[in-house]
Amino acid sequence: AKRYWQFCIFCNFRLVSYCSQLFFPSDEVKSLRAVVNPDISKIRNIGIMAHIDAGKTTTTERMLYFSGYTRALGDVDDGDTVTDYMAQERERGITIQSAAVTFDWKDHRINLIDTPGTRVSTQCCIQCRARDTQCKSLELMDKPAASNQLLLPMKRFVLDIWYYFQIPIGSGKSFTGLVDLITRQKITWQGSSLAYDGRAFETSALQPSDDPDVLQAVSEARATLIEQVADLDDDFAELLLGQYSENFDAVPAGKLQEALRKVTLARKGVPVLCGTSLKNKGVQPLMDAITAYLPAPNERNHDLVRWYKDDLCALAFKVVHDKQRGPLVFVRIYSGSMKAQSAVYNINRNGTERMSRLLLPFADQHIEIPSLSAGNIALTVGLKQTVTGDTIVSSKASAAAAVRRAQKEAETKSSSQRESSSLALAGVEVPEPVFFCSIEPPTLAKQADLEHALNCLQREDPSLKVRTDLDSGQTILCGMGELHIEVIHDRIKREFNIETHLGPLQVAYRETILQSATATDTLDRTLGDKRHVVTVELAVHALMESSTSCDVTFEEEVKTQLSAGVREAVENGVQSAYLQGNRNGLKTVIQHVSLESGTSAAMVSACVSRCMLKALKLAGGQVLEPVMALEVTVGEEYLSPVLADLAQRRGTVCDIQSRQENKVLLATVPLAEMMGYSTVLRTLTSGNATFSLELSSYEPMNTQDQNILLNKMAGLA
């Protein structure tokens with residue numbers, strides 16, 4: 001039996017080895033160290049934006065495969081993609097955490113950043129259709145009803161003009177290729193089976209013997225493209241009128257390509273391509289277009305970065321915790337160079353950290369490198385305090401020098417410029433969480449481990465908030481939705497081996513005041529042989545905009561009388577009272593503060609806090625509930641039951657639009673009424689509807705709904 005198993009193992013090994021050589025020749029997968037530090041003009045930082053299930057991860061997998069950095073095509077349904085590496089992502093078939101990968105294509109370095117990392121990319125590959133100023137997914141070419149005719153009426157968008165320089169050959173399941181309008185080249189993919197990987201395709205010039213309908217469509221589309229570019233580029237328009245006035249179609253491909261790139265870099269137009277990543281068609285021309293039309297990092301100037309000149313300036317846009325290497329920080333280098341085994345200064349944390357190693361995220365492997373120049377994206381090891389959105393420079397002296405340069409230029413210019421004590425890159429804007437629940441460890445002995453796990457996850461995910469309830473002492477987990485909190489709970493269990501208990505999921509209501517109010521309070525207390533006496537008068541006002549902060553201002557006379565230590569104690573007292581509840585934004589004006597000699601700062605804070613609570617009680621309270629902007633795409637035959645269901649959920653219909661054969665319902669609805677909506681919608685429409693939710697605003701509840709809520713929270717309902 002032992003010899004039998006040895007023989008089987010030997011045969012299996014030889015079989016695997018043979019198959020590897022047969023299907024994956026040794027020269028097919030590129031060397032990861034071939035081009036470590038390319039010229040900045042050859043770098044493209046891109047992001048893929050689209051809603052869920054639009055094909056972002058599938059497109060990324062095809063890019064990695066066709067560029068030669070992966071041996072096999074990953075599939076979302078099979079759970080073997082490079083970028084969806086978390087267990088939760090592979091189980092659900094969706095991308096939960098952003099991913100950044102690097103690969104080379106035709107002498108160019110492409111750094112691909114997934115959402116929310118798209119803010120650090122120089123440009124985005126957009127799979128979308130126009131809806132006001134937001135992006136929605138475009139019908140993919142492998143869908144039965146997909147057609148480039150959907151694009152034709154879409155002329156206006158946020159960035160001005162859509163222009164498409166490809167038209168498909170066939171549509172829906174009969175899509176076999178495309179025609180490049182610039183070069184008049186026909187690109188066709190012959191394979192249609194599941195085993196067809198899309199590597200092999202044919203490129204040929206259009207011939208007069210080709211399909212007359214295709215020739216006519218190409219002629220009309222190219223003429224439209226030339227007209228669009230001429231409207232946006234004066235130099236190209238002069239070229240047309242001067243040399244090609246008799247025949248616009250005779251414009252050389254090189255001249256048209258040059259004008260198209262110029263229009264794209266000026267953000268006057270959005271290039272549109274066609275293809276289907278799922279069927280492995282059209283991805284190579286997409287990567288060609290990325291390198292040909294999108295800008296290099298040095299073609300995008302950041303106003304702040306120029307003050308650093310050749311010194312290091314980088315943005316930390318993502319943090320990942322690795323069990324062996326600790327926190328890994330993804331950074332985008334805007335100027336200078338980053339070196340391993342060097343100290344860097346974090347402007348946001350006002351501290352210096354030592355970076356032990358520098359890595360390049362090639363596909364699913366990390367390659368250690370000694371240094372990396374501007375324009376690149378790197379992975380750093382050893383930055384233990386850096387979080388998402390922090391600005392990293394070479395030293396504190398470098399940051400101070402940049403400030404001096406900025407201030408010197410501001411003084412020489414007559415125009416007013418923003419004064420800043422530090423030049424930090426804009427961080428990631430994260431919306432406030434709308435759901436919360438309590439989280440408890442299995443035993444008190446695990447409390448410290450739970451706190452460590454939550455700290456690590458907060459560094460990775462800026463949208464996750466953790467706070468302690470002042471009344472109960474419970475740890476409160478605040479997130480963006482049911483799935484968000486569910487994934488966090490699952491990650492704590494799998495990655496940190498802590499079996500936590502979650503309390504019931506609750507909506508994050510807020511409270512605001514009904515009117516402005518003024519209150520006065522005096523604290524007179526003797527502790528030991530010391531007497532502490534302080535009198536405070538303050539006023540509270542509601543802020544109109546939705547926020548979760550309390551602005552503290554002092555009247556000029558009061559500000560000049562108080563020392564810096566007393567002012568700090570007053571502000572601490574205001575914030576202490578404000579945080580006793582989930583309140584909307586307030587403005588507190590300190591009108592009078594008097595205290596006897598020897599009064600401690602703690603007593604000042606206690607008096608201010610008590611006075612603040614008194615003012616809030618006089619101002620009256622009003623509960624605000626989060627209201628969501630809802631978009632439902634549904635067939636017309638299911639529209640009536642969807643509308644009836646929304647009416648029961650206190651929803652307000654804003655608009656009903658037509659999108660091909662479907663209806664798009666735009667509405668606002670309280671978040672509390674949307675629990676389990678995906679299941680209900682699937683039942684009402686037999687699975688033929690999709691929806692998206694985003695926070696719109698916080699709105700006052702009517703008296704009846706507010707009383708029902710308060711009774712429910714008090715356990716009376």
# chains A, B, ... in the order shown; residues from 1 in each chain; ligands from 1

$ residues_around --residues "Ser686 in chain A" --least-positions-apart "5" --cutoff "12 Å" --atoms "only C-alpha atoms" --output "list in words"
Val634, Gly635, Glu637, Tyr638, Pro641, Val642, Ser678, Thr679, Val680 and Leu681 of chain A

$ write_last_selection --atoms "all heavy atoms" --output "PDB file, in the first residue's frame"
ATOM      1  N   VAL A 634     -36.699  48.747 -12.103  1.00  0.00           N
ATOM      2  CA  VAL A 634     -37.671  47.659 -12.101  1.00  0.00           C
ATOM      3  C   VAL A 634     -38.454  47.679 -13.409  1.00  0.00           C
ATOM      4  O   VAL A 634     -38.616  48.740 -14.040  1.00  0.00           O
ATOM      5  CB  VAL A 634     -38.627  47.802 -10.881  1.00  0.00           C
ATOM      6  CG1 VAL A 634     -39.410  49.097 -10.951  1.00  0.00           C
ATOM      7  CG2 VAL A 634     -39.551  46.611 -10.753  1.00  0.00           C
ATOM      8  N   GLY A 635     -38.914  46.516 -13.825  1.00  0.00           N
ATOM      9  CA  GLY A 635     -39.771  46.435 -14.999  1.00  0.00           C
ATOM     10  C   GLY A 635     -41.106  47.114 -14.740  1.00  0.00           C
ATOM     11  O   GLY A 635     -41.603  47.157 -13.605  1.00  0.00           O
ATOM     12  N   GLU A 637     -44.073  46.259 -15.313  1.00  0.00           N
ATOM     13  CA  GLU A 637     -45.143  45.404 -14.801  1.00  0.00           C
ATOM     14  C   GLU A 637     -45.083  45.246 -13.282  1.00  0.00           C
ATOM     15  O   GLU A 637     -46.078  44.865 -12.651  1.00  0.00           O
ATOM     16  CB  GLU A 637     -45.086  44.027 -15.473  1.00  0.00           C
ATOM     17  CG  GLU A 637     -43.831  43.202 -15.178  1.00  0.00           C
ATOM     18  CD  GLU A 637     -42.695  43.490 -16.142  1.00  0.00           C
ATOM     19  OE1 GLU A 637     -42.696  44.591 -16.743  1.00  0.00           O
ATOM     20  OE2 GLU A 637     -41.804  42.622 -16.285  1.00  0.00           O
ATOM     21  N   TYR A 638     -43.905  45.523 -12.683  1.00  0.00           N
ATOM     22  CA  TYR A 638     -43.774  45.400 -11.229  1.00  0.00           C
ATOM     23  C   TYR A 638     -43.774  46.760 -10.529  1.00  0.00           C
ATOM     24  O   TYR A 638     -43.578  46.822  -9.312  1.00  0.00           O
ATOM     25  CB  TYR A 638     -42.466  44.672 -10.882  1.00  0.00           C
ATOM     26  CG  TYR A 638     -42.396  43.255 -11.396  1.00  0.00           C
ATOM     27  CD1 TYR A 638     -41.539  42.918 -12.447  1.00  0.00           C
ATOM     28  CD2 TYR A 638     -43.183  42.243 -10.836  1.00  0.00           C
ATOM     29  CE1 TYR A 638     -41.462  41.620 -12.926  1.00  0.00           C
ATOM     30  CE2 TYR A 638     -43.108  40.941 -11.308  1.00  0.00           C
ATOM     31  CZ  TYR A 638     -42.251  40.638 -12.355  1.00  0.00           C
ATOM     32  OH  TYR A 638     -42.180  39.347 -12.819  1.00  0.00           O
ATOM     33  N   PRO A 641     -46.693  47.375  -7.432  1.00  0.00           N
ATOM     34  CA  PRO A 641     -46.446  46.825  -6.087  1.00  0.00           C
ATOM     35  C   PRO A 641     -45.251  47.468  -5.386  1.00  0.00           C
ATOM     36  O   PRO A 641     -45.255  47.606  -4.163  1.00  0.00           O
ATOM     37  CB  PRO A 641     -46.203  45.330  -6.342  1.00  0.00           C
ATOM     38  CG  PRO A 641     -45.912  45.199  -7.792  1.00  0.00           C
ATOM     39  CD  PRO A 641     -46.654  46.297  -8.458  1.00  0.00           C
ATOM     40  N   VAL A 642     -44.241  47.879  -6.141  1.00  0.00           N
ATOM     41  CA  VAL A 642     -43.093  48.548  -5.531  1.00  0.00           C
ATOM     42  C   VAL A 642     -43.512  49.895  -4.962  1.00  0.00           C
ATOM     43  O   VAL A 642     -43.117  50.275  -3.846  1.00  0.00           O
ATOM     44  CB  VAL A 642     -41.958  48.710  -6.558  1.00  0.00           C
ATOM     45  CG1 VAL A 642     -40.839  49.585  -5.990  1.00  0.00           C
ATOM     46  CG2 VAL A 642     -41.398  47.353  -6.959  1.00  0.00           C
ATOM     47  N   SER A 678     -34.166  44.391   0.693  1.00  0.00           N
ATOM     48  CA  SER A 678     -33.719  43.608  -0.462  1.00  0.00           C
ATOM     49  C   SER A 678     -34.534  42.331  -0.616  1.00  0.00           C
ATOM     50  O   SER A 678     -34.905  41.949  -1.734  1.00  0.00           O
ATOM     51  CB  SER A 678     -32.235  43.271  -0.328  1.00  0.00           C
ATOM     52  OG  SER A 678     -31.994  42.547   0.864  1.00  0.00           O
ATOM     53  N   THR A 679     -34.861  41.677   0.509  1.00  0.00           N
ATOM     54  CA  THR A 679     -35.658  40.450   0.446  1.00  0.00           C
ATOM     55  C   THR A 679     -37.076  40.741  -0.021  1.00  0.00           C
ATOM     56  O   THR A 679     -37.634  40.019  -0.860  1.00  0.00           O
ATOM     57  CB  THR A 679     -35.691  39.771   1.824  1.00  0.00           C
ATOM     58  OG1 THR A 679     -34.353  39.505   2.247  1.00  0.00           O
ATOM     59  CG2 THR A 679     -36.471  38.471   1.775  1.00  0.00           C
ATOM     60  N   VAL A 680     -37.666  41.815   0.506  1.00  0.00           N
ATOM     61  CA  VAL A 680     -39.041  42.182   0.123  1.00  0.00           C
ATOM     62  C   VAL A 680     -39.104  42.547  -1.352  1.00  0.00           C
ATOM     63  O   VAL A 680     -40.018  42.128  -2.082  1.00  0.00           O
ATOM     64  CB  VAL A 680     -39.541  43.355   0.993  1.00  0.00           C
ATOM     65  CG1 VAL A 680     -40.899  43.850   0.502  1.00  0.00           C
ATOM     66  CG2 VAL A 680     -39.616  42.940   2.459  1.00  0.00           C
ATOM     67  N   LEU A 681     -38.126  43.342  -1.826  1.00  0.00           N
ATOM     68  CA  LEU A 681     -38.125  43.755  -3.229  1.00  0.00           C
ATOM     69  C   LEU A 681     -37.965  42.551  -4.151  1.00  0.00           C
ATOM     70  O   LEU A 681     -38.616  42.472  -5.206  1.00  0.00           O
ATOM     71  CB  LEU A 681     -36.995  44.757  -3.469  1.00  0.00           C
ATOM     72  CG  LEU A 681     -36.900  45.340  -4.882  1.00  0.00           C
ATOM     73  CD1 LEU A 681     -38.127  46.171  -5.205  1.00  0.00           C
ATOM     74  CD2 LEU A 681     -35.631  46.185  -5.032  1.00  0.00           C
TER      75      LEU A 681
END

$ residues_around --residues "Val218 in chain A" --least-positions-apart "2" --cutoff "10 Å" --atoms "only C-alpha atoms" --output "PyMOL selection string"
chain A and resi 165-168+179-182+184+206+212-216+220-224

$ residues_around --residues "Met713 in chain A" --least-positions-apart "5" --cutoff "12 Å" --atoms "only C-alpha atoms" --output "list of chain:residue names"
A:Gln506, A:Val507, A:Tyr509, A:Gln706, A:Asn707, A:Ile708

$ write_last_selection --atoms "N, CA and C atoms" --output "PDB file, in the first residue's frame"
ATOM      1  N   GLN A 506     -29.360  48.904  15.322  1.00  0.00           N
ATOM      2  CA  GLN A 506     -30.216  50.069  15.525  1.00  0.00           C
ATOM      3  C   GLN A 506     -29.817  51.194  14.580  1.00  0.00           C
ATOM      4  N   VAL A 507     -30.800  52.035  14.277  1.00  0.00           N
ATOM      5  CA  VAL A 507     -30.572  53.187  13.406  1.00  0.00           C
ATOM      6  C   VAL A 507     -29.977  54.324  14.227  1.00  0.00           C
ATOM      7  N   TYR A 509     -30.119  57.583  15.102  1.00  0.00           N
ATOM      8  CA  TYR A 509     -30.900  58.821  15.138  1.00  0.00           C
ATOM      9  C   TYR A 509     -30.047  59.944  15.728  1.00  0.00           C
ATOM     10  N   GLN A 706     -42.280  60.213  16.341  1.00  0.00           N
ATOM     11  CA  GLN A 706     -41.287  60.436  17.395  1.00  0.00           C
ATOM     12  C   GLN A 706     -41.740  59.808  18.700  1.00  0.00           C
ATOM     13  N   ASN A 707     -43.021  59.939  19.035  1.00  0.00           N
ATOM     14  CA  ASN A 707     -43.537  59.331  20.274  1.00  0.00           C
ATOM     15  C   ASN A 707     -43.458  57.811  20.217  1.00  0.00           C
ATOM     16  N   ILE A 708     -43.769  57.248  19.039  1.00  0.00           N
ATOM     17  CA  ILE A 708     -43.676  55.789  18.883  1.00  0.00           C
ATOM     18  C   ILE A 708     -42.238  55.327  19.096  1.00  0.00           C
TER      19      ILE A 708
END

$ select_by_dssp --residues "range 197-318 of chain A" --states "strand (DSSP E)" --output "list in words"
Glu202, Thr203, Ser204, Ala205, Gly269, Val270, Pro271, Val272, Cys313, Ala314, Leu315, Ala316, Phe317 and Lys318 of chain A

$ closest_residue --among "A:Asp524, A:Asp390, A:Glu482, A:Glu246" --to "Arg459 in chain A" --atoms "only C-alpha atoms"
A:Asp390

$ residues_around --residues "Gly581 in chain A" --least-positions-apart "5" --cutoff "12 Å" --atoms "only C-alpha atoms" --output "ChimeraX atom specification"
/A:467-471,508-512,548-549,575-576,613,616,621,623
